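Beneath this line is the structure, given in structure tokens, with notes to follow.
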Amino acid sequence: MLAAAQCFAAEGNPDLGKQVYEKWCSACHAPGDAYPGTLALRAKYKGALPEALEQRSDLTPDMVKYFVRNGVTIMPFFRKTEISDVELNAIADYLTKQGTKQ
Ligand code: HEC
């Protein structure tokens, strides 16, 4: 148990990830009809994948980091002064760790 907890802590910080995600991402990616990111991903995947990012199980840390630093369509890219590398790692961690969400 202790080893698992240490390993978990060393890998990242999903609590920080959730906070940063809620600050910068959920305005577009929360579940529901009012969120442009969610609607765009609904149209893109047509039900093949969950439309809300927090429900996805296929995201990789590299994919999350790529989109956050580069943006896509109406999604802006985020500078390191807005989302630091530590915070981005935490978001990537949060979105790719199943079982620790919600
Ligand atoms: C202004 C709204 C907006 C904000 C803010 C936003 N996104 Fe997005 N995001 C989008 C849209 C729209 C798309 C889909 C673009 C498309 O049609 O491919 C998208 C796509 C993505 C994708 C690609 C998913 C896929 O399967 O193609 C990832 C990953 C992502 N966003 C992560 C994030 C994260 C993490 C944040 C917060 C740091 C964030 N987004 C903030 C609007 C937003």
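Residue numbering restarts at 1 for every chain of the structure tokens, chains are lettered A, B, ... in their displayed order, and ligands are numbered from 1 as they appear.
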*Could you tell me, as JSON, numbers by chain, which residues of chain A DSSP assigns to alpha helix (DSSP H) when given the backbone?*
{"A": [2, 3, 4, 5, 6, 7, 8, 9, 10, 11, 14, 15, 16, 17, 18, 19, 20, 21, 22, 23, 24, 26, 27, 28, 29, 36, 37, 38, 39, 40, 41, 42, 43, 44, 45, 61, 62, 63, 64, 65, 66, 67, 68, 69, 70, 85, 86, 87, 88, 89, 90, 91, 92, 93, 94, 95, 96]}
Quick one: which chain A residues come within 9 Å of ligand 1, and what is the nearest atom pair for each with the distance in Å to one decimal, counting only C-alpha atoms and all ligand atoms, rows ordered by chain and ascending number, as a Markdown table?
```
| residue | atom | partner | partner_atom_place_in_ligand_line | distance |
| --- | --- | --- | --- | --- |
| A:Val20 | CA | ligand 1 | 38 (C) | 7.4 |
| A:Tyr21 | CA | ligand 1 | 37 (C) | 5.6 |
| A:Glu22 | CA | ligand 1 | 37 (C) | 8.0 |
| A:Lys23 | CA | ligand 1 | 37 (C) | 7.9 |
| A:Trp24 | CA | ligand 1 | 37 (C) | 4.7 |
| A:Cys25 | CA | ligand 1 | 37 (C) | 3.4 |
| A:Ser26 | CA | ligand 1 | 41 (C) | 7.0 |
| A:Ala27 | CA | ligand 1 | 5 (C) | 6.0 |
| A:Cys28 | CA | ligand 1 | 2 (C) | 4.3 |
| A:His29 | CA | ligand 1 | 7 (N) | 6.2 |
| A:Tyr35 | CA | ligand 1 | 2 (C) | 7.7 |
| A:Pro36 | CA | ligand 1 | 12 (C) | 5.3 |
| A:Gly37 | CA | ligand 1 | 11 (C) | 3.7 |
| A:Thr38 | CA | ligand 1 | 11 (C) | 7.0 |
| A:Leu39 | CA | ligand 1 | 12 (C) | 7.3 |
| A:Ala40 | CA | ligand 1 | 17 (O) | 4.7 |
| A:Leu41 | CA | ligand 1 | 14 (C) | 5.4 |
| A:Arg42 | CA | ligand 1 | 17 (O) | 8.8 |
| A:Ala43 | CA | ligand 1 | 17 (O) | 7.6 |
| A:Lys44 | CA | ligand 1 | 17 (O) | 6.1 |
| A:Tyr45 | CA | ligand 1 | 26 (O) | 7.9 |
| A:Leu49 | CA | ligand 1 | 26 (O) | 8.3 |
| A:Glu51 | CA | ligand 1 | 26 (O) | 8.6 |
| A:Leu53 | CA | ligand 1 | 32 (C) | 7.1 |
| A:Arg56 | CA | ligand 1 | 26 (O) | 8.7 |
| A:Asp58 | CA | ligand 1 | 26 (O) | 8.6 |
| A:Leu59 | CA | ligand 1 | 29 (C) | 7.0 |
| A:Thr60 | CA | ligand 1 | 29 (C) | 8.5 |
| A:Pro61 | CA | ligand 1 | 29 (C) | 8.9 |
| A:Met63 | CA | ligand 1 | 29 (C) | 5.9 |
| A:Val64 | CA | ligand 1 | 29 (C) | 4.2 |
| A:Lys65 | CA | ligand 1 | 35 (C) | 7.4 |
| A:Tyr66 | CA | ligand 1 | 29 (C) | 7.6 |
| A:Phe67 | CA | ligand 1 | 28 (C) | 5.3 |
| A:Val68 | CA | ligand 1 | 38 (C) | 5.4 |
| A:Arg69 | CA | ligand 1 | 38 (C) | 8.6 |
| A:Gly71 | CA | ligand 1 | 8 (Fe) | 7.2 |
| A:Val72 | CA | ligand 1 | 15 (C) | 5.3 |
| A:Thr73 | CA | ligand 1 | 15 (C) | 5.2 |
| A:Ile74 | CA | ligand 1 | 12 (C) | 5.2 |
| A:Met75 | CA | ligand 1 | 42 (C) | 3.9 |
| A:Pro76 | CA | ligand 1 | 1 (C) | 6.2 |
| A:Phe77 | CA | ligand 1 | 41 (C) | 8.1 |
| A:Phe78 | CA | ligand 1 | 38 (C) | 6.9 |
| A:Ile83 | CA | ligand 1 | 38 (C) | 7.4 |
| A:Leu88 | CA | ligand 1 | 38 (C) | 7.5 |
| A:Ile91 | CA | ligand 1 | 35 (C) | 6.3 |
| A:Ala92 | CA | ligand 1 | 35 (C) | 7.2 |
| A:Leu95 | CA | ligand 1 | 35 (C) | 7.8 |
```
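From atom CA of A:Asp93 back to atom CA of A:Ser57, the distance works out to 11.9 Å.
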*Mind giving me the straight-line distance from atom CA of A:Glu82 to atom CA of A:Ala30 in Å, one decimal?*
19.8 Å
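For the pair atom CA of A:Asn70 and atom CA of A:Val86, the separation is 17.0 Å.
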*Could you name the residues that touch A:Leu16 at 8 Å or less, counting only C-alpha atoms, but leaving out those on the same chain fewer than 2 positions away, as a PyMOL selection string?*
chain A and resi 13-14+18-20+87+90-91
